>>> print(open('start-v6.cif').read())   # mmCIF, C-alpha atoms
data_upload
loop_
_atom_site.group_PDB
_atom_site.id
_atom_site.type_symbol
_atom_site.label_atom_id
_atom_site.label_comp_id
_atom_site.auth_asym_id
_atom_site.auth_seq_id
_atom_site.Cartn_x
_atom_site.Cartn_y
_atom_site.Cartn_z
ATOM 1 C CA MET M 1 -109.437 208.399 117.988
ATOM 2 C CA ASP M 2 -108.798 212.120 118.377
ATOM 3 C CA PHE M 3 -110.739 214.824 120.188
ATOM 4 C CA LEU M 4 -110.183 218.520 120.817
ATOM 5 C CA LEU M 5 -109.542 219.147 124.511
ATOM 6 C CA THR M 6 -110.686 222.659 125.433
ATOM 7 C CA ASP M 7 -111.301 222.482 129.194
ATOM 8 C CA PRO M 8 -108.493 224.593 130.821
ATOM 9 C CA ALA M 9 -108.686 222.594 134.060
ATOM 10 C CA LEU M 10 -108.090 219.287 132.260
ATOM 11 C CA ILE M 11 -105.246 220.799 130.236
ATOM 12 C CA LEU M 12 -103.575 222.065 133.418
ATOM 13 C CA ILE M 13 -103.967 218.685 135.100
ATOM 14 C CA LEU M 14 -102.347 216.911 132.155
ATOM 15 C CA ALA M 15 -99.529 219.481 132.046
ATOM 16 C CA GLY M 16 -98.860 219.005 135.755
ATOM 17 C CA VAL M 17 -98.823 215.241 135.303
ATOM 18 C CA GLY M 18 -96.359 215.613 132.444
ATOM 19 C CA ILE M 19 -93.970 217.766 134.468
ATOM 20 C CA PHE M 20 -94.023 215.480 137.492
ATOM 21 C CA ALA M 21 -93.666 212.359 135.352
ATOM 22 C CA GLY M 22 -90.673 213.913 133.605
ATOM 23 C CA LEU M 23 -89.022 214.666 136.933
ATOM 24 C CA LEU M 24 -89.513 211.072 138.042
ATOM 25 C CA ALA M 25 -88.194 209.752 134.724
ATOM 26 C CA GLY M 26 -84.937 211.624 135.128
ATOM 27 C CA LEU M 27 -84.445 211.052 138.852
ATOM 28 C CA LEU M 28 -85.852 207.580 139.442
ATOM 29 C CA GLY M 29 -85.661 205.852 136.048
ATOM 30 C CA VAL M 30 -89.393 205.303 135.539
ATOM 31 C CA GLY M 31 -90.951 205.976 132.167
ATOM 32 C CA GLY M 32 -93.893 208.040 133.372
ATOM 33 C CA GLY M 33 -96.583 205.549 132.400
ATOM 34 C CA PHE M 34 -97.705 205.138 135.998
ATOM 35 C CA LEU M 35 -98.922 208.733 135.767
ATOM 36 C CA PHE M 36 -99.582 209.152 132.044
ATOM 37 C CA ALA M 37 -101.963 206.192 131.790
ATOM 38 C CA PRO M 38 -104.335 206.970 134.695
ATOM 39 C CA ALA M 39 -104.331 210.692 133.855
ATOM 40 C CA GLY M 40 -105.297 209.968 130.256
ATOM 41 C CA TYR M 41 -107.874 207.411 131.357
ATOM 42 C CA PHE M 42 -109.673 209.762 133.740
ATOM 43 C CA VAL M 43 -109.587 212.646 131.243
ATOM 44 C CA LEU M 44 -111.058 210.484 128.477
ATOM 45 C CA LEU M 45 -113.785 209.212 130.811
ATOM 46 C CA SER M 46 -114.601 212.778 131.837
ATOM 47 C CA VAL M 47 -115.343 213.758 128.225
ATOM 48 C CA GLY M 48 -117.619 210.772 127.641
ATOM 49 C CA ILE M 49 -115.328 208.199 126.030
ATOM 50 C CA PRO M 50 -116.449 204.596 126.864
ATOM 51 C CA LYS M 51 -114.165 203.013 129.444
ATOM 52 C CA GLU M 52 -113.149 200.144 127.140
ATOM 53 C CA THR M 53 -111.795 202.626 124.595
ATOM 54 C CA ALA M 54 -110.563 205.057 127.248
ATOM 55 C CA ILE M 55 -108.235 202.647 129.027
ATOM 56 C CA LEU M 56 -106.644 201.235 125.868
ATOM 57 C CA THR M 57 -106.230 204.711 124.376
ATOM 58 C CA ALA M 58 -104.688 205.894 127.654
ATOM 59 C CA PHE M 59 -102.218 203.006 127.524
ATOM 60 C CA GLY M 60 -101.275 203.844 123.936
ATOM 61 C CA VAL M 61 -100.803 207.527 124.725
ATOM 62 C CA SER M 62 -98.843 206.619 127.845
ATOM 63 C CA LEU M 63 -96.306 204.598 125.884
ATOM 64 C CA ALA M 64 -96.046 207.267 123.189
ATOM 65 C CA ALA M 65 -95.430 209.974 125.793
ATOM 66 C CA ALA M 66 -92.967 207.803 127.714
ATOM 67 C CA PHE M 67 -90.841 207.216 124.602
ATOM 68 C CA PRO M 68 -89.382 210.735 124.150
ATOM 69 C CA THR M 69 -89.349 211.246 127.920
ATOM 70 C CA VAL M 70 -87.101 208.276 128.641
ATOM 71 C CA LEU M 71 -85.032 208.966 125.512
ATOM 72 C CA THR M 72 -84.234 212.394 126.900
ATOM 73 C CA GLY M 73 -83.328 210.923 130.268
ATOM 74 C CA ALA M 74 -81.239 208.179 128.648
ATOM 75 C CA LEU M 75 -79.208 210.701 126.653
ATOM 76 C CA ALA M 76 -78.540 212.720 129.801
ATOM 77 C CA HIS M 77 -77.436 209.594 131.682
ATOM 78 C CA THR M 78 -75.227 208.610 128.717
ATOM 79 C CA LYS M 79 -73.383 211.920 128.983
ATOM 80 C CA GLN M 80 -72.720 211.076 132.627
ATOM 81 C CA GLY M 81 -71.232 207.724 131.596
ATOM 82 C CA THR M 82 -73.660 205.563 133.579
ATOM 83 C CA VAL M 83 -75.340 203.674 130.703
ATOM 84 C CA SER M 84 -74.050 200.312 129.435
ATOM 85 C CA TRP M 85 -75.642 200.405 126.005
ATOM 86 C CA LYS M 86 -74.751 196.764 125.343
ATOM 87 C CA THR M 87 -76.849 195.678 128.316
ATOM 88 C CA ALA M 88 -79.565 198.224 127.513
ATOM 89 C CA ALA M 89 -79.792 197.111 123.876
ATOM 90 C CA VAL M 90 -80.168 193.394 124.692
ATOM 91 C CA MET M 91 -82.696 194.154 127.407
ATOM 92 C CA GLY M 92 -84.529 196.646 125.230
ATOM 93 C CA LEU M 93 -84.754 194.495 122.106
ATOM 94 C CA SER M 94 -86.065 191.540 124.112
ATOM 95 C CA GLY M 95 -88.515 193.866 125.830
ATOM 96 C CA MET M 96 -89.601 195.327 122.487
ATOM 97 C CA VAL M 97 -90.715 191.914 121.222
ATOM 98 C CA PHE M 98 -92.564 191.047 124.411
ATOM 99 C CA GLY M 99 -93.973 194.578 124.646
ATOM 100 C CA PHE M 100 -95.545 194.111 121.227
ATOM 101 C CA ALA M 101 -97.092 190.838 122.465
ATOM 102 C CA GLY M 102 -98.313 192.533 125.621
ATOM 103 C CA GLY M 103 -100.094 195.199 123.593
ATOM 104 C CA PHE M 104 -101.966 192.550 121.630
ATOM 105 C CA ALA M 105 -102.923 190.787 124.871
ATOM 106 C CA ALA M 106 -104.340 194.042 126.240
ATOM 107 C CA ALA M 107 -106.609 194.445 123.218
ATOM 108 C CA VAL M 108 -108.404 191.151 123.923
ATOM 109 C CA LEU M 109 -108.661 191.249 127.718
ATOM 110 C CA PRO M 110 -111.846 192.572 129.411
ATOM 111 C CA VAL M 111 -111.531 196.189 130.510
ATOM 112 C CA ASP M 112 -112.202 195.382 134.174
ATOM 113 C CA VAL M 113 -109.385 192.827 134.166
ATOM 114 C CA LEU M 114 -107.011 195.388 132.655
ATOM 115 C CA THR M 115 -108.095 197.999 135.184
ATOM 116 C CA ILE M 116 -107.504 195.695 138.144
ATOM 117 C CA LEU M 117 -104.137 194.532 136.774
ATOM 118 C CA PHE M 118 -103.082 198.127 136.229
ATOM 119 C CA SER M 119 -104.184 199.025 139.767
ATOM 120 C CA LEU M 120 -102.132 196.155 141.181
ATOM 121 C CA ILE M 121 -99.000 197.184 139.291
ATOM 122 C CA LEU M 122 -99.521 200.739 140.558
ATOM 123 C CA ILE M 123 -99.431 199.400 144.112
ATOM 124 C CA PHE M 124 -96.362 197.311 143.286
ATOM 125 C CA GLY M 125 -94.677 200.369 141.792
ATOM 126 C CA GLY M 126 -95.454 202.491 144.835
ATOM 127 C CA VAL M 127 -94.163 199.858 147.267
ATOM 128 C CA ARG M 128 -91.049 199.356 145.160
ATOM 129 C CA MET M 129 -90.267 203.040 145.439
ATOM 130 C CA LEU M 130 -90.241 202.772 149.237
ATOM 131 C CA ALA M 131 -88.364 199.476 149.433
ATOM 132 C CA LYS M 132 -84.598 199.472 149.822
ATOM 133 C CA LEU M 133 -83.093 197.471 146.975
ATOM 134 C CA PRO M 134 -79.751 195.682 147.112
ATOM 135 C CA SER M 135 -76.899 197.474 145.393
ATOM 136 C CA GLY M 136 -73.978 195.666 143.769
ATOM 137 C CA ASP M 137 -70.848 196.824 141.976
ATOM 138 C CA LYS M 138 -71.275 195.433 138.455
ATOM 139 C CA THR M 139 -71.252 197.691 135.405
ATOM 140 C CA SER M 140 -73.164 195.407 133.033
ATOM 141 C CA ILE M 141 -75.273 192.226 132.977
ATOM 142 C CA PRO M 142 -74.719 189.022 130.933
ATOM 143 C CA ALA M 143 -76.820 188.968 127.768
ATOM 144 C CA PRO M 144 -79.075 186.002 128.720
ATOM 145 C CA VAL M 145 -79.983 187.613 132.047
ATOM 146 C CA SER M 146 -80.560 190.953 130.326
ATOM 147 C CA ALA M 147 -82.872 189.316 127.793
ATOM 148 C CA VAL M 148 -85.015 187.663 130.475
ATOM 149 C CA ILE M 149 -85.250 190.890 132.490
ATOM 150 C CA GLY M 150 -86.206 192.781 129.321
ATOM 151 C CA ALA M 151 -88.875 190.205 128.439
ATOM 152 C CA CYS M 152 -90.511 190.556 131.877
ATOM 153 C CA GLY M 153 -90.484 194.341 131.789
ATOM 154 C CA GLY M 154 -91.517 194.460 128.149
ATOM 155 C CA PHE M 155 -94.592 192.270 128.447
ATOM 156 C CA PHE M 156 -96.033 194.239 131.349
ATOM 157 C CA SER M 157 -95.101 197.469 129.605
ATOM 158 C CA GLY M 158 -97.130 196.557 126.533
ATOM 159 C CA LEU M 159 -99.965 195.012 128.529
ATOM 160 C CA LEU M 160 -100.487 197.944 130.879
ATOM 161 C CA GLY M 161 -99.059 200.958 129.074
ATOM 162 C CA VAL M 162 -96.160 201.577 131.460
ATOM 163 C CA GLY M 163 -92.513 202.063 130.601
ATOM 164 C CA GLY M 164 -91.331 199.099 132.644
ATOM 165 C CA GLY M 165 -88.771 200.817 134.875
ATOM 166 C CA THR M 166 -90.492 199.720 138.059
ATOM 167 C CA ILE M 167 -89.902 196.103 137.017
ATOM 168 C CA LEU M 168 -86.522 196.519 135.320
ATOM 169 C CA VAL M 169 -84.712 198.406 138.083
ATOM 170 C CA PRO M 170 -85.298 195.924 140.939
ATOM 171 C CA LEU M 171 -84.554 192.967 138.665
ATOM 172 C CA MET M 172 -81.265 194.575 137.607
ATOM 173 C CA THR M 173 -80.193 195.268 141.179
ATOM 174 C CA ILE M 174 -81.258 191.843 142.485
ATOM 175 C CA PHE M 175 -80.179 189.543 139.641
ATOM 176 C CA GLY M 176 -77.711 191.755 137.810
ATOM 177 C CA LYS M 177 -75.923 193.062 140.922
ATOM 178 C CA LEU M 178 -75.913 196.612 139.563
ATOM 179 C CA PRO M 179 -75.705 199.714 141.757
ATOM 180 C CA MET M 180 -78.961 201.671 141.860
ATOM 181 C CA LYS M 181 -77.698 204.664 139.866
ATOM 182 C CA ARG M 182 -76.471 202.479 137.001
ATOM 183 C CA ALA M 183 -79.671 200.384 137.045
ATOM 184 C CA VAL M 184 -81.751 203.554 136.738
ATOM 185 C CA ALA M 185 -79.622 204.770 133.823
ATOM 186 C CA ILE M 186 -79.758 201.443 131.959
ATOM 187 C CA SER M 187 -83.492 201.224 132.634
ATOM 188 C CA SER M 188 -84.021 204.588 130.934
ATOM 189 C CA ALA M 189 -82.081 203.407 127.879
ATOM 190 C CA ALA M 190 -83.812 200.009 127.663
ATOM 191 C CA ILE M 191 -87.265 201.574 127.975
ATOM 192 C CA VAL M 192 -86.592 203.536 124.771
ATOM 193 C CA PHE M 193 -86.769 200.197 122.903
ATOM 194 C CA ILE M 194 -89.451 198.633 125.092
ATOM 195 C CA THR M 195 -92.001 201.429 124.709
ATOM 196 C CA ALA M 196 -91.606 201.277 120.928
ATOM 197 C CA GLY M 197 -92.726 197.638 120.895
ATOM 198 C CA GLY M 198 -95.826 198.161 122.988
ATOM 199 C CA LEU M 199 -96.715 201.388 121.197
ATOM 200 C CA ALA M 200 -96.659 199.621 117.829
ATOM 201 C CA SER M 201 -99.410 197.262 119.042
ATOM 202 C CA TYR M 202 -101.655 200.084 120.225
ATOM 203 C CA LEU M 203 -101.152 202.084 117.024
ATOM 204 C CA LEU M 204 -102.072 199.035 114.927
ATOM 205 C CA HIS M 205 -105.324 198.767 116.887
ATOM 206 C CA GLY M 206 -105.999 202.528 116.605
ATOM 207 C CA TYR M 207 -105.742 203.265 120.330
ATOM 208 C CA PHE M 208 -104.061 206.667 120.369
ATOM 209 C CA ASP M 209 -104.988 210.331 120.838
ATOM 210 C CA ILE M 210 -102.789 213.122 119.511
ATOM 211 C CA THR M 211 -104.132 215.833 121.861
ATOM 212 C CA LEU M 212 -103.255 213.967 125.039
ATOM 213 C CA TRP M 213 -99.893 212.960 123.633
ATOM 214 C CA ILE M 214 -98.876 216.526 122.743
ATOM 215 C CA ILE M 215 -99.776 217.945 126.165
ATOM 216 C CA LEU M 216 -97.981 215.196 128.092
ATOM 217 C CA THR M 217 -94.922 215.155 125.839
ATOM 218 C CA VAL M 218 -94.188 218.881 125.651
ATOM 219 C CA THR M 219 -94.273 219.097 129.437
ATOM 220 C CA ALA M 220 -92.569 215.798 130.340
ATOM 221 C CA VAL M 221 -89.584 215.920 127.982
ATOM 222 C CA PRO M 222 -88.030 219.168 129.285
ATOM 223 C CA ALA M 223 -88.686 218.078 132.859
ATOM 224 C CA ALA M 224 -86.940 214.732 132.226
ATOM 225 C CA TYR M 225 -83.872 216.448 130.779
ATOM 226 C CA ILE M 226 -83.605 219.003 133.571
ATOM 227 C CA SER M 227 -84.058 216.417 136.308
ATOM 228 C CA ALA M 228 -81.518 213.963 134.864
ATOM 229 C CA ALA M 229 -78.917 216.548 133.864
ATOM 230 C CA LYS M 230 -79.320 219.261 136.489
ATOM 231 C CA LEU M 231 -81.277 218.022 139.500
ATOM 232 C CA SER M 232 -79.898 214.525 140.074
ATOM 233 C CA GLY M 233 -78.729 214.384 143.693
ATOM 234 C CA LYS M 234 -80.157 217.811 144.528
ATOM 235 C CA ILE M 235 -83.756 216.843 145.260
ATOM 236 C CA PRO M 236 -84.298 214.438 148.168
ATOM 237 C CA GLU M 237 -85.269 211.157 146.554
ATOM 238 C CA LYS M 238 -87.042 210.060 149.729
ATOM 239 C CA VAL M 239 -89.581 212.863 149.346
ATOM 240 C CA LEU M 240 -90.245 211.940 145.713
ATOM 241 C CA ARG M 241 -90.555 208.261 146.571
ATOM 242 C CA VAL M 242 -93.071 208.862 149.358
ATOM 243 C CA LEU M 243 -95.096 211.192 147.151
ATOM 244 C CA PHE M 244 -95.007 208.623 144.332
ATOM 245 C CA PHE M 245 -96.219 205.906 146.726
ATOM 246 C CA LEU M 246 -99.117 208.040 147.976
ATOM 247 C CA LEU M 247 -100.148 208.956 144.437
ATOM 248 C CA MET M 248 -100.024 205.372 143.222
ATOM 249 C CA THR M 249 -102.009 204.114 146.206
ATOM 250 C CA GLY M 250 -104.684 206.772 145.728
ATOM 251 C CA ILE M 251 -104.994 206.223 141.986
ATOM 252 C CA SER M 252 -105.133 202.456 142.445
ATOM 253 C CA ALA M 253 -107.876 202.725 145.077
ATOM 254 C CA LYS M 254 -109.910 205.007 142.798
ATOM 255 C CA MET M 255 -109.639 202.680 139.807
ATOM 256 C CA ILE M 256 -110.519 199.553 141.799
ATOM 257 C CA PHE M 257 -113.475 201.333 143.408
ATOM 258 C CA ASP M 258 -114.765 202.341 139.976
ATOM 259 C CA VAL M 259 -114.590 198.717 138.802
ATOM 260 C CA PHE M 260 -116.630 197.327 141.680
ATOM 261 C CA ALA M 261 -118.984 200.320 141.810
ATOM 262 C CA GLY M 262 -119.900 199.627 138.190
#
>>> encode(input="start-v6.cif", output="structure tokens")
Amino acid sequence: MDFLLTDPALILILAGVGIFAGLLAGLLGVGGGFLFAPAGYFVLLSVGIPKETAILTAFGVSLAAAFPTVLTGALAHTKQGTVSWKTAAVMGLSGMVFGFAGGFAAAVLPVDVLTILFSLILIFGGVRMLAKLPSGDKTSIPAPVSAVIGACGGFFSGLLGVGGGTILVPLMTIFGKLPMKRAVAISSAAIVFITAGGLASYLLHGYFDITLWIILTVTAVPAAYISAAKLSGKIPEKVLRVLFFLLMTGISAKMIFDVFAG
């Protein structure tokens, strides 16, 4: 589906979402889907798209917008020498397969179930941003562990239209014993593969909108590059994490309320 978005207010909202999501992608290793998906969903609902189509289209657009965003961040992290591409490739390829499966699962689940699941992962993502994760000293993760971590992140990425960083990063620090900075960098690289798998499912089902994708991508990609290459360590992460938590909690509450309000 494609529609021509002409409302300046909606365009500005999407542009703001893209910029903020790009900043988070570069600084915190998330793919942006936690913001892309709900923003696209609410915009599509506001122009009269049925919620069943709106949420799946928003997920497809979210993954498509996250792809170049995390690629930009991954390249910046690679220049800094913090990405183990061997670990990222194993994790990403496993996640790509399971992301494709997750996208197919999303197409057959009831929209209210998807909405509630997405709301719950928003809450999880917000809490994760506030939680202090363990930090080890490893530089890479054994391939079997990487594959399992990628499968977990990939399935939820495809199912709910998110990049998977909120799942990958804590799993890498807890089970892979990686330091946070390296986990964030590897997450960005792995998500490049993972989003491709989930996106393929949504494109096969026709759940995509070019207008939303263009607005989110042209704003998020430059922001991701600048934040990863120029702003890392210069913006207080605590402020971003608290703001992310508040946003996720508010969006989740709104989506759950809409489900039960009918």
>>> residues_around(input="start-v6.cif", residues="Tyr207 in chain M", least_positions_apart="6", cutoff="9 Å", atoms="only C-alpha atoms", output="VMD selection string")
chain M and resid 1 53 to 54 56 to 61 201
>>> atom_distance(input="start-v6.cif", atom1="CA of Leu109 in chain M", atom2="CA of Leu93 in chain M")
24.8 Å
>>> resolve_selection(input="start-v6.cif", expression="the PyMOL selection byres ((chain M and resi 65) around 12)", output="ChimeraX atom specification")
/M:14,17-19,21-22,25,31-37,40,58-64,66-72,161-163,191-192,195-196,199,208-221,224
>>> write_last_selection(input="start-v6.cif", atoms="C-alpha atoms", output="JSON list (two decimals), keeping the file's coordinate frame")
[["chain", "number", "residue", "atom", "x", "y", "z"],
["M", 14, "LEU", "CA", -102.35, 216.91, 132.16],
["M", 17, "VAL", "CA", -98.82, 215.24, 135.30],
["M", 18, "GLY", "CA", -96.36, 215.61, 132.44],
["M", 19, "ILE", "CA", -93.97, 217.77, 134.47],
["M", 21, "ALA", "CA", -93.67, 212.36, 135.35],
["M", 22, "GLY", "CA", -90.67, 213.91, 133.60],
["M", 25, "ALA", "CA", -88.19, 209.75, 134.72],
["M", 31, "GLY", "CA", -90.95, 205.98, 132.17],
["M", 32, "GLY", "CA", -93.89, 208.04, 133.37],
["M", 33, "GLY", "CA", -96.58, 205.55, 132.40],
["M", 34, "PHE", "CA", -97.70, 205.14, 136.00],
["M", 35, "LEU", "CA", -98.92, 208.73, 135.77],
["M", 36, "PHE", "CA", -99.58, 209.15, 132.04],
["M", 37, "ALA", "CA", -101.96, 206.19, 131.79],
["M", 40, "GLY", "CA", -105.30, 209.97, 130.26],
["M", 58, "ALA", "CA", -104.69, 205.89, 127.65],
["M", 59, "PHE", "CA", -102.22, 203.01, 127.52],
["M", 60, "GLY", "CA", -101.28, 203.84, 123.94],
["M", 61, "VAL", "CA", -100.80, 207.53, 124.72],
["M", 62, "SER", "CA", -98.84, 206.62, 127.84],
["M", 63, "LEU", "CA", -96.31, 204.60, 125.88],
["M", 64, "ALA", "CA", -96.05, 207.27, 123.19],
["M", 66, "ALA", "CA", -92.97, 207.80, 127.71],
["M", 67, "PHE", "CA", -90.84, 207.22, 124.60],
["M", 68, "PRO", "CA", -89.38, 210.74, 124.15],
["M", 69, "THR", "CA", -89.35, 211.25, 127.92],
["M", 70, "VAL", "CA", -87.10, 208.28, 128.64],
["M", 71, "LEU", "CA", -85.03, 208.97, 125.51],
["M", 72, "THR", "CA", -84.23, 212.39, 126.90],
["M", 161, "GLY", "CA", -99.06, 200.96, 129.07],
["M", 162, "VAL", "CA", -96.16, 201.58, 131.46],
["M", 163, "GLY", "CA", -92.51, 202.06, 130.60],
["M", 191, "ILE", "CA", -87.26, 201.57, 127.98],
["M", 192, "VAL", "CA", -86.59, 203.54, 124.77],
["M", 195, "THR", "CA", -92.00, 201.43, 124.71],
["M", 196, "ALA", "CA", -91.61, 201.28, 120.93],
["M", 199, "LEU", "CA", -96.72, 201.39, 121.20],
["M", 208, "PHE", "CA", -104.06, 206.67, 120.37],
["M", 209, "ASP", "CA", -104.99, 210.33, 120.84],
["M", 210, "ILE", "CA", -102.79, 213.12, 119.51],
["M", 211, "THR", "CA", -104.13, 215.83, 121.86],
["M", 212, "LEU", "CA", -103.26, 213.97, 125.04],
["M", 213, "TRP", "CA", -99.89, 212.96, 123.63],
["M", 214, "ILE", "CA", -98.88, 216.53, 122.74],
["M", 215, "ILE", "CA", -99.78, 217.94, 126.16],
["M", 216, "LEU", "CA", -97.98, 215.20, 128.09],
["M", 217, "THR", "CA", -94.92, 215.16, 125.84],
["M", 218, "VAL", "CA", -94.19, 218.88, 125.65],
["M", 219, "THR", "CA", -94.27, 219.10, 129.44],
["M", 220, "ALA", "CA", -92.57, 215.80, 130.34],
["M", 221, "VAL", "CA", -89.58, 215.92, 127.98],
["M", 224, "ALA", "CA", -86.94, 214.73, 132.23]]
>>> atom_distance(input="start-v6.cif", atom1="CA of Met255 in chain M", atom2="CA of Ile116 in chain M")
7.5 Å
>>> atom_distance(input="start-v6.cif", atom1="CA of Leu231 in chain M", atom2="CA of His77 in chain M")
12.1 Å
>>> axis_aligned_box(input="start-v6.cif", around="range 150-159 of chain M", padding_each_side="3 Å", output="JSON")
{"center_x": -93.1, "center_y": 193.8, "center_z": 129.2, "size_x": 19.8, "size_y": 13.3, "size_z": 11.3}
>>> closest_residue(input="start-v6.cif", among="M:Lys230, M:His205, M:Arg182, M:Lys132", to="Ala105 in chain M", atoms="only C-alpha atoms")
M:His205
>>> resolve_selection(input="start-v6.cif", expression="the PyMOL selection byres ((chain M and resi 167) around 9)", output="PyMOL selection string")
chain M and resi 125+128+149+152-153+156+164-166+168-172
>>> resolve_selection(input="start-v6.cif", expression="the PyMOL selection byres ((chain M and resi 81) around 12)", output="PDB file with C-alpha atoms, in the frame of the given file")
ATOM      1  CA  ALA M  74     -81.239 208.179 128.648  1.00  0.00           C
ATOM      2  CA  LEU M  75     -79.208 210.701 126.653  1.00  0.00           C
ATOM      3  CA  ALA M  76     -78.540 212.720 129.801  1.00  0.00           C
ATOM      4  CA  HIS M  77     -77.436 209.594 131.682  1.00  0.00           C
ATOM      5  CA  THR M  78     -75.227 208.610 128.717  1.00  0.00           C
ATOM      6  CA  LYS M  79     -73.383 211.920 128.983  1.00  0.00           C
ATOM      7  CA  GLN M  80     -72.720 211.076 132.627  1.00  0.00           C
ATOM      8  CA  THR M  82     -73.660 205.563 133.579  1.00  0.00           C
ATOM      9  CA  VAL M  83     -75.340 203.674 130.703  1.00  0.00           C
ATOM     10  CA  SER M  84     -74.050 200.312 129.435  1.00  0.00           C
ATOM     11  CA  TRP M  85     -75.642 200.405 126.005  1.00  0.00           C
ATOM     12  CA  THR M 139     -71.252 197.691 135.405  1.00  0.00           C
ATOM     13  CA  LYS M 181     -77.698 204.664 139.866  1.00  0.00           C
ATOM     14  CA  ARG M 182     -76.471 202.479 137.001  1.00  0.00           C
ATOM     15  CA  ALA M 185     -79.622 204.770 133.823  1.00  0.00           C
ATOM     16  CA  ILE M 186     -79.758 201.443 131.959  1.00  0.00           C
ATOM     17  CA  ALA M 229     -78.917 216.548 133.864  1.00  0.00           C
TER      18      ALA M 229
END
>>> residues_near_point(input="start-v6.cif", point="(-69.8, 198.5, 143.4)", cutoff="8 Å", atoms="all atoms listed in the file", output="PyMOL selection string")
chain M and resi 135-138+178-179
>>> residues_around(input="start-v6.cif", residues="Gly99 in chain M", least_positions_apart="4", cutoff="6 Å", atoms="all atoms listed in the file", output="list in words")
Gly95, Gly154, Phe155, Ser157, Gly158, Gly197 and Gly198 of chain M
>>> closest_residue(input="start-v6.cif", among="M:Ile13, M:Leu44, M:Val97, M:Phe257", to="Val148 in chain M", atoms="all atoms listed in the file")
M:Val97
>>> build_atoms(input="start-v6.cif", residues="range 242-253 of chain M", atoms="N, CA and C atoms", output="mmCIF file, in the coordinates of the input")
data_model
loop_
_atom_site.group_PDB
_atom_site.id
_atom_site.type_symbol
_atom_site.label_atom_id
_atom_site.label_comp_id
_atom_site.auth_asym_id
_atom_site.auth_seq_id
_atom_site.Cartn_x
_atom_site.Cartn_y
_atom_site.Cartn_z
ATOM 1 N N VAL M 242 -91.873 208.881 148.509
ATOM 2 C CA VAL M 242 -93.071 208.862 149.358
ATOM 3 C C VAL M 242 -94.260 209.449 148.608
ATOM 4 N N LEU M 243 -94.027 210.570 147.920
ATOM 5 C CA LEU M 243 -95.096 211.192 147.151
ATOM 6 C C LEU M 243 -95.585 210.254 146.051
ATOM 7 N N PHE M 244 -94.652 209.586 145.376
ATOM 8 C CA PHE M 244 -95.007 208.623 144.332
ATOM 9 C C PHE M 244 -95.865 207.503 144.925
ATOM 10 N N PHE M 245 -95.465 206.981 146.072
ATOM 11 C CA PHE M 245 -96.219 205.906 146.726
ATOM 12 C C PHE M 245 -97.641 206.352 147.056
ATOM 13 N N LEU M 246 -97.787 207.539 147.613
ATOM 14 C CA LEU M 246 -99.117 208.040 147.976
ATOM 15 C C LEU M 246 -99.990 208.233 146.741
ATOM 16 N N LEU M 247 -99.404 208.767 145.681
ATOM 17 C CA LEU M 247 -100.148 208.956 144.437
ATOM 18 C C LEU M 247 -100.606 207.626 143.849
ATOM 19 N N MET M 248 -99.687 206.667 143.803
ATOM 20 C CA MET M 248 -100.024 205.372 143.222
ATOM 21 C C MET M 248 -101.101 204.656 144.032
ATOM 22 N N THR M 249 -101.008 204.746 145.348
ATOM 23 C CA THR M 249 -102.009 204.114 146.206
ATOM 24 C C THR M 249 -103.380 204.743 146.000
ATOM 25 N N GLY M 250 -103.416 206.077 145.931
ATOM 26 C CA GLY M 250 -104.684 206.772 145.728
ATOM 27 C C GLY M 250 -105.305 206.482 144.374
ATOM 28 N N ILE M 251 -104.490 206.504 143.331
ATOM 29 C CA ILE M 251 -104.994 206.223 141.986
ATOM 30 C C ILE M 251 -105.499 204.787 141.892
ATOM 31 N N SER M 252 -104.739 203.862 142.466
ATOM 32 C CA SER M 252 -105.133 202.456 142.445
ATOM 33 C C SER M 252 -106.464 202.255 143.148
ATOM 34 N N ALA M 253 -106.622 202.864 144.326
ATOM 35 C CA ALA M 253 -107.876 202.725 145.077
ATOM 36 C C ALA M 253 -109.050 203.270 144.287
#
